[in-house]
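In what follows, a single structure is set out as structure tokens and then discussed.
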Number of protein chains: 2
Amino acid sequence: MVNRITIKEIARKADVSIGTVDRVLHNRGRVAEATRDKVLKIAKEGNYSSNVMARHLKLNKTYRISVILPEENNYWLMLKEGIEEGCEEFGQMGFTAGYCFVANDGSQAMQLNQILDSDADGFIIAPSAFHQQTDLLSKLREKGKPYVFVDSNIIDAGQLTFIGQDSYRSGVLGACLLHDKYLSDYEIYITTFSESDIKEQIIKNRIEGFRSYFDENQISHVNIHEVNLEKDQITADDFLNVLLKHENPVHLFIPNSKTYKLAEQLIQFKETNQLRVVGYDLLQSNLRLLNSGTIDYLIHQKPKVQGYLGMQSLYKNIVLKTDVPLHQYMPLDIINKENVMYCQ
Amino acid sequence: MVNRITIKEIARKADVSIGTVDRVLHNRGRVAEATRDKVLKIAKEGNYSSNVMARHLKLNKTYRISVILPEENNYWLMLKEGIEEGCEEFGQMGFTAGYCFVANDGSQAMQLNQILDSDADGFIIAPSAFHQQTDLLSKLREKGKPYVFVDSNIIDAGQLTFIGQDSYRSGVLGACLLHDKYLSDYEIYITTFSESDIKEQIIKNRIEGFRSYFDENQISHVNIHEVNLEKDQITADDFLNVLLKHENPVHLFIPNSKTYKLAEQLIQFKETNQLRVVGYDLLQSNLRLLNSGTIDYLIHQKPKVQGYLGMQSLYKNIVLKTDVPLHQYMPLDIINKENVMYCQ
DNA sequence: TCACAAAGTGTTAACGTACACGCAAAATAT
DNA sequence: ATATTTTGCGTGTACGTTAACACTTTGTGA
């Protein structure tokens, strides 16, 4: 990186003007084949790469990043925080971000069209923000605008990169946290709620991973139940009664961020049944339950870091023009009462 | 950050030349009091901050960062990796790093003097690299060079920032991971080795935190033992026998990265005693023991991220000239077999 | 043969900053 | 009164890149 060759030097070595070198390097034609080859050879030998500072100074361009998120809750605001941090760091390069929280009603299409019209230079998208079908992505592809997926992925959708967890493995981890070797027979309840399609898929993966742990390790003293409270039309109180009726001890795996929806029931559950509760995501409400000892472990996705990495990826793509890996898997963070205070 | 006022604009508004504005902003004198005030007022109103790109382009300066680490093992090489990543990202700004692994013999002073003479622009230092007393830090302070501590801290030593864990809280976490509510009386062995002063302090903090967990939660069915294998002159095999003789089940807390030194004994221990082993740091050898199920949890400090943050902090200080927090605490990462593959 | 396009190349002015230099006016010294 | 220094300020150039523009030379069609 140090002592890189400059256009001026290439020009001198090739005995042409910097204008010609520029035309060669930028493929804007009208250069004799022989000259072209000579310049390219020298550039390659000198390991030329354009000076980002100088280019940015000349172009004096600002880059607007449009961020598309589902709702303005605690979780997504943490992601936003990370993006803001990125703006601060890449602000010198002229990076700014604008946010759109997509409404879950008829106005989604209109909102997304507005975003398209605003013509940003890059996008950070949480796919679960798409409450209905959309052709936003294909339009972005047509325009050649880079977009990054955070939190959840869509396979082969032309994204620059995906930043998030491997949901299958996070399920395996959840299982491991609920595995008790010394306990004789015990029950595990997997509790879900109905969600949007994309989230549904993530939760399916988590559950698959969760079950695979017990299958692959041939653990048979565990009885796994799966309950979708909304689909099965069970109230939280009824569910609590089901849990308490068991003679065996009971563990709980809640493969979504909505643990808080069972808050009151969980507190009661914990009073009589000392077994573990594993949930997802450090929402404010979940944090309270963690601190009070109601939730034992949360699997955390570091939304703030996701946001930061999203900005960083766009910076690398747009400004540095370097490659970005297609998958940037976030660590599967285990959070409990004792390490939550240093959790990013 | 966007649409910042430029020197030229300030000059126009103040009805002076850019040279005068420059003299004011850089305090290089020979400006009339009245002019000075006028320029400063306009600069402040326009929220002036110098354009880092332009300045860097003009100065065309490269920054050399000198990295001082204890030894070239797995752990510190991960930290180096993070620094290299930072070099890549800030390479456009002319950042490069050079490494010095300090020998643990008489040549330390000579090595450190060489580093001083090489006259780098910033330093990343793992304080445990100082095997003997040194006045390197005071010399760096005299020269006004910024230095960052990673891994372990020295209080009030003039560092730009410290990047690492809160060792006390990490001990608390370790205790939590070894806390079994349903077990009747059981034993916990805290196993240490002799270390350099600075590391000794960290380990003392971890143990203090560890013990405080059981004290504060008034947990009395746990008997905690502390053994320094080197000081107490106990061989690993003898230690194993001590563990196996207990009638109560036994947990192990090894508050340093040297779990691997007990590898064979631990494997035997695990065969008869199914209780948990908690260690520190994802060394290659510890990783093997984790994957084989011998170690249950490792508390991980993300050395790679520490390295990256070190470079980032120096970049922010040297180039952006922004403030950096004095403490940047790393998360207390819980690593087990199931999440180790996505661990940074 | 001339006009005029096309191909191939060079020149130049920015972007915002830093800093050396120069020049006038005022202040001081001789 | 003249010489010299000091004070206050403006000018110009360079960093590396981009892109508009201008200039030659050759090719093409009427």
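Please note that chains go A, B, ... in the order of the structure tokens, that every chain numbers its residues from 1, and that ligands are numbered from 1 in the order shown.
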Pairing every Cα of chain A with chain B in order, what RMSD remains after the least-squares superposition? 0.2 Å
Tell me, as number ranges by chain, which residues lie within 10 Å of A:Ile7, counting only C-alpha atoms (C1' of nucleotides); anything in the same chain fewer than 5 positions away does not count. A: 12-13, 17-22, 25, 39, 43, 48-51; D: 16-17
Nearby residues (only C-alpha atoms (C1' of nucleotides)) at most 12 Å from stretch 10-14 of chain C, same-chain spacing under 6 positions excluded, as a PyMOL selection string: (chain A and resi 11+15-21+57-60) or (chain D and resi 17-24)
Distance of atom CA of B:Tyr342 from atom CA of A:Thr259, expressed in Å to one decimal place: 24.5 Å
Taking only C-alpha atoms (C1' of nucleotides) into account and nothing else, which residues of chain C lie no more than 7 Å away from chain A? Please answer as a PyMOL selection string. chain C and resi 7-10+15
Next, dump the selected residues to file, keeping only N, CA and C atoms (P, O5', C5', C4', C3', O3' and C1' of nucleotides), as a PDB file, in the first residue's frame.
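Saved the output as again-v7.pdb:
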ATOM      1  P    DA C   7     -13.330   6.718 -34.222  1.00  0.00           P
ATOM      2  O5'  DA C   7     -11.758   6.952 -34.143  1.00  0.00           O
ATOM      3  C5'  DA C   7     -10.949   6.629 -35.264  1.00  0.00           C
ATOM      4  C4'  DA C   7      -9.515   7.014 -34.959  1.00  0.00           C
ATOM      5  C3'  DA C   7      -9.020   6.540 -33.591  1.00  0.00           C
ATOM      6  O3'  DA C   7      -7.720   6.010 -33.770  1.00  0.00           O
ATOM      7  C1'  DA C   7      -8.704   8.881 -33.801  1.00  0.00           C
ATOM      8  P    DG C   8      -7.020   5.188 -32.597  1.00  0.00           P
ATOM      9  O5'  DG C   8      -6.113   6.328 -31.973  1.00  0.00           O
ATOM     10  C5'  DG C   8      -4.965   6.766 -32.670  1.00  0.00           C
ATOM     11  C4'  DG C   8      -4.382   7.950 -31.950  1.00  0.00           C
ATOM     12  C3'  DG C   8      -4.024   7.695 -30.483  1.00  0.00           C
ATOM     13  O3'  DG C   8      -2.615   7.860 -30.357  1.00  0.00           O
ATOM     14  C1'  DG C   8      -5.080   9.797 -30.775  1.00  0.00           C
ATOM     15  P    DT C   9      -1.903   7.467 -28.973  1.00  0.00           P
ATOM     16  O5'  DT C   9      -1.801   8.880 -28.281  1.00  0.00           O
ATOM     17  C5'  DT C   9      -0.976   9.880 -28.867  1.00  0.00           C
ATOM     18  C4'  DT C   9      -1.321  11.240 -28.327  1.00  0.00           C
ATOM     19  C3'  DT C   9      -1.039  11.475 -26.857  1.00  0.00           C
ATOM     20  O3'  DT C   9       0.267  12.017 -26.733  1.00  0.00           O
ATOM     21  C1'  DT C   9      -2.950  12.657 -27.677  1.00  0.00           C
ATOM     22  P    DG C  10       0.862  12.376 -25.295  1.00  0.00           P
ATOM     23  O5'  DG C  10       0.431  13.904 -25.144  1.00  0.00           O
ATOM     24  C5'  DG C  10       0.807  14.842 -26.146  1.00  0.00           C
ATOM     25  C4'  DG C  10       0.274  16.225 -25.778  1.00  0.00           C
ATOM     26  C3'  DG C  10       0.647  16.703 -24.372  1.00  0.00           C
ATOM     27  O3'  DG C  10       1.091  18.052 -24.441  1.00  0.00           O
ATOM     28  C1'  DG C  10      -1.717  16.762 -24.646  1.00  0.00           C
ATOM     29  P    DC C  15     -13.034  24.410  -6.830  1.00  0.00           P
ATOM     30  O5'  DC C  15     -12.984  23.126  -5.892  1.00  0.00           O
ATOM     31  C5'  DC C  15     -13.698  21.937  -6.205  1.00  0.00           C
ATOM     32  C4'  DC C  15     -13.075  20.793  -5.452  1.00  0.00           C
ATOM     33  C3'  DC C  15     -12.495  21.201  -4.101  1.00  0.00           C
ATOM     34  O3'  DC C  15     -13.493  21.040  -3.112  1.00  0.00           O
ATOM     35  C1'  DC C  15     -11.063  19.666  -5.305  1.00  0.00           C
TER      36       DC C  15
END
Show which residues sit within 7 Å of A:Phe123, as a PDB file with N, CA, C and O atoms, in the first residue's frame. Count only C-alpha atoms (C1' of nucleotides), and ignore same-chain residues fewer than 2 positions away.
ATOM      1  N   ILE A  65     -26.719   6.792   1.960  1.00  0.00           N
ATOM      2  CA  ILE A  65     -27.097   5.396   2.153  1.00  0.00           C
ATOM      3  C   ILE A  65     -28.520   5.366   2.689  1.00  0.00           C
ATOM      4  O   ILE A  65     -28.845   6.066   3.653  1.00  0.00           O
ATOM      5  N   SER A  66     -29.346   4.600   2.039  1.00  0.00           N
ATOM      6  CA  SER A  66     -30.736   4.473   2.460  1.00  0.00           C
ATOM      7  C   SER A  66     -30.890   3.179   3.261  1.00  0.00           C
ATOM      8  O   SER A  66     -30.475   2.126   2.795  1.00  0.00           O
ATOM      9  N   VAL A  67     -31.452   3.303   4.437  1.00  0.00           N
ATOM     10  CA  VAL A  67     -31.576   2.154   5.326  1.00  0.00           C
ATOM     11  C   VAL A  67     -33.043   1.773   5.464  1.00  0.00           C
ATOM     12  O   VAL A  67     -33.883   2.623   5.786  1.00  0.00           O
ATOM     13  N   ILE A 125     -30.515  -3.074   3.958  1.00  0.00           N
ATOM     14  CA  ILE A 125     -31.891  -3.563   3.993  1.00  0.00           C
ATOM     15  C   ILE A 125     -32.024  -4.740   4.957  1.00  0.00           C
ATOM     16  O   ILE A 125     -31.251  -5.683   4.892  1.00  0.00           O
ATOM     17  N   PRO A 146     -25.519  -0.874  -5.033  1.00  0.00           N
ATOM     18  CA  PRO A 146     -25.208  -1.945  -4.093  1.00  0.00           C
ATOM     19  C   PRO A 146     -26.169  -1.947  -2.910  1.00  0.00           C
ATOM     20  O   PRO A 146     -26.546  -0.894  -2.411  1.00  0.00           O
ATOM     21  N   TYR A 147     -26.582  -3.146  -2.496  1.00  0.00           N
ATOM     22  CA  TYR A 147     -27.398  -3.250  -1.295  1.00  0.00           C
ATOM     23  C   TYR A 147     -26.942  -4.403  -0.428  1.00  0.00           C
ATOM     24  O   TYR A 147     -26.517  -5.436  -0.916  1.00  0.00           O
ATOM     25  N   VAL A 148     -27.019  -4.146   0.859  1.00  0.00           N
ATOM     26  CA  VAL A 148     -26.522  -5.071   1.877  1.00  0.00           C
ATOM     27  C   VAL A 148     -27.715  -5.592   2.667  1.00  0.00           C
ATOM     28  O   VAL A 148     -28.596  -4.823   3.023  1.00  0.00           O
TER      29      VAL A 148
END
Shell around B:Thr294 at 7 Å using only C-alpha atoms (C1' of nucleotides), local window under 4 positions removed, as a PyMOL selection string: chain B and resi 266-267+270+289-290
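Residue neighbourhood of C:DA25, excluding near-sequence residues (fewer than 6 positions): DT6, DT7, DG8 and DC9 of chain D, at 12 Å, using only C-alpha atoms (C1' of nucleotides).
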Atom CA of A:Cys343 to atom CA of A:Asn317: how many Å, to one decimal?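 Taking atom CA of A:Cys343 and atom CA of A:Asn317, their separation equals 28.5 Å.
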In stretch 282-311 of chain B, what's strand (DSSP E or B) per DSSP? Answer as a ChimeraX atom specification? /B:297-300
Please, could you write that set of residues out with all heavy atoms as a PDB file, in the first residue's frame?
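Saved to selection06.pdb:
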ATOM      1  N   TYR B 297     -16.324 -24.416  28.592  1.00  0.00           N
ATOM      2  CA  TYR B 297     -16.441 -23.024  28.168  1.00  0.00           C
ATOM      3  C   TYR B 297     -15.078 -22.348  28.180  1.00  0.00           C
ATOM      4  O   TYR B 297     -14.264 -22.580  29.084  1.00  0.00           O
ATOM      5  CB  TYR B 297     -17.365 -22.242  29.098  1.00  0.00           C
ATOM      6  CG  TYR B 297     -18.819 -22.645  29.001  1.00  0.00           C
ATOM      7  CD1 TYR B 297     -19.428 -23.358  30.021  1.00  0.00           C
ATOM      8  CD2 TYR B 297     -19.581 -22.295  27.894  1.00  0.00           C
ATOM      9  CE1 TYR B 297     -20.765 -23.728  29.941  1.00  0.00           C
ATOM     10  CE2 TYR B 297     -20.921 -22.660  27.804  1.00  0.00           C
ATOM     11  CZ  TYR B 297     -21.504 -23.374  28.825  1.00  0.00           C
ATOM     12  OH  TYR B 297     -22.822 -23.726  28.737  1.00  0.00           O
ATOM     13  N   LEU B 298     -14.874 -21.506  27.212  1.00  0.00           N
ATOM     14  CA  LEU B 298     -13.720 -20.613  27.245  1.00  0.00           C
ATOM     15  C   LEU B 298     -14.248 -19.190  27.283  1.00  0.00           C
ATOM     16  O   LEU B 298     -15.198 -18.845  26.561  1.00  0.00           O
ATOM     17  CB  LEU B 298     -12.853 -20.795  26.001  1.00  0.00           C
ATOM     18  CG  LEU B 298     -11.967 -22.043  25.945  1.00  0.00           C
ATOM     19  CD1 LEU B 298     -11.314 -22.157  24.581  1.00  0.00           C
ATOM     20  CD2 LEU B 298     -10.900 -21.992  27.043  1.00  0.00           C
ATOM     21  N   ILE B 299     -13.657 -18.380  28.123  1.00  0.00           N
ATOM     22  CA  ILE B 299     -13.969 -16.958  28.080  1.00  0.00           C
ATOM     23  C   ILE B 299     -12.962 -16.319  27.136  1.00  0.00           C
ATOM     24  O   ILE B 299     -11.755 -16.469  27.307  1.00  0.00           O
ATOM     25  CB  ILE B 299     -13.908 -16.346  29.489  1.00  0.00           C
ATOM     26  CG1 ILE B 299     -14.993 -16.998  30.355  1.00  0.00           C
ATOM     27  CG2 ILE B 299     -14.112 -14.840  29.415  1.00  0.00           C
ATOM     28  CD1 ILE B 299     -14.971 -16.570  31.799  1.00  0.00           C
ATOM     29  N   HIS B 300     -13.505 -15.661  26.137  1.00  0.00           N
ATOM     30  CA  HIS B 300     -12.695 -15.255  24.988  1.00  0.00           C
ATOM     31  C   HIS B 300     -12.604 -13.734  24.919  1.00  0.00           C
ATOM     32  O   HIS B 300     -13.563 -13.042  25.192  1.00  0.00           O
ATOM     33  CB  HIS B 300     -13.357 -15.806  23.727  1.00  0.00           C
ATOM     34  CG  HIS B 300     -12.655 -15.494  22.470  1.00  0.00           C
ATOM     35  ND1 HIS B 300     -11.312 -15.725  22.287  1.00  0.00           N
ATOM     36  CD2 HIS B 300     -13.100 -14.979  21.295  1.00  0.00           C
ATOM     37  CE1 HIS B 300     -10.979 -15.356  21.059  1.00  0.00           C
ATOM     38  NE2 HIS B 300     -12.044 -14.902  20.453  1.00  0.00           N
TER      39      HIS B 300
END
Within 9 Å of chain B, which residues of chain A show up when using only C-alpha atoms, listed as a PyMOL selection string? chain A and resi 1-3+51-54+56-57+62+87-89+91-96+165-166+169-170+172-174+176+181-182+274+316+320+329-344
From a DSSP pass on the backbone, collect the residues of stretch 217-318 of chain A flagged as alpha helix (DSSP H) and hand them back as a PyMOL selection string. chain A and resi 236-245+263-272+284-291+303-315
So how many Å separate atom CA of B:Ser194 and atom CA of B:Gly82, to one decimal? 28.5 Å
Can you pull out every residue within 8 Å of stretch 135-143 of chain A, counting only C-alpha atoms (C1' of nucleotides), but drop anything in the same chain fewer than 6 positions away, and send it as a list in words?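 The residues satisfying every condition are Leu112, Asn113, Leu116, Ala157 and Gly158 of chain A.
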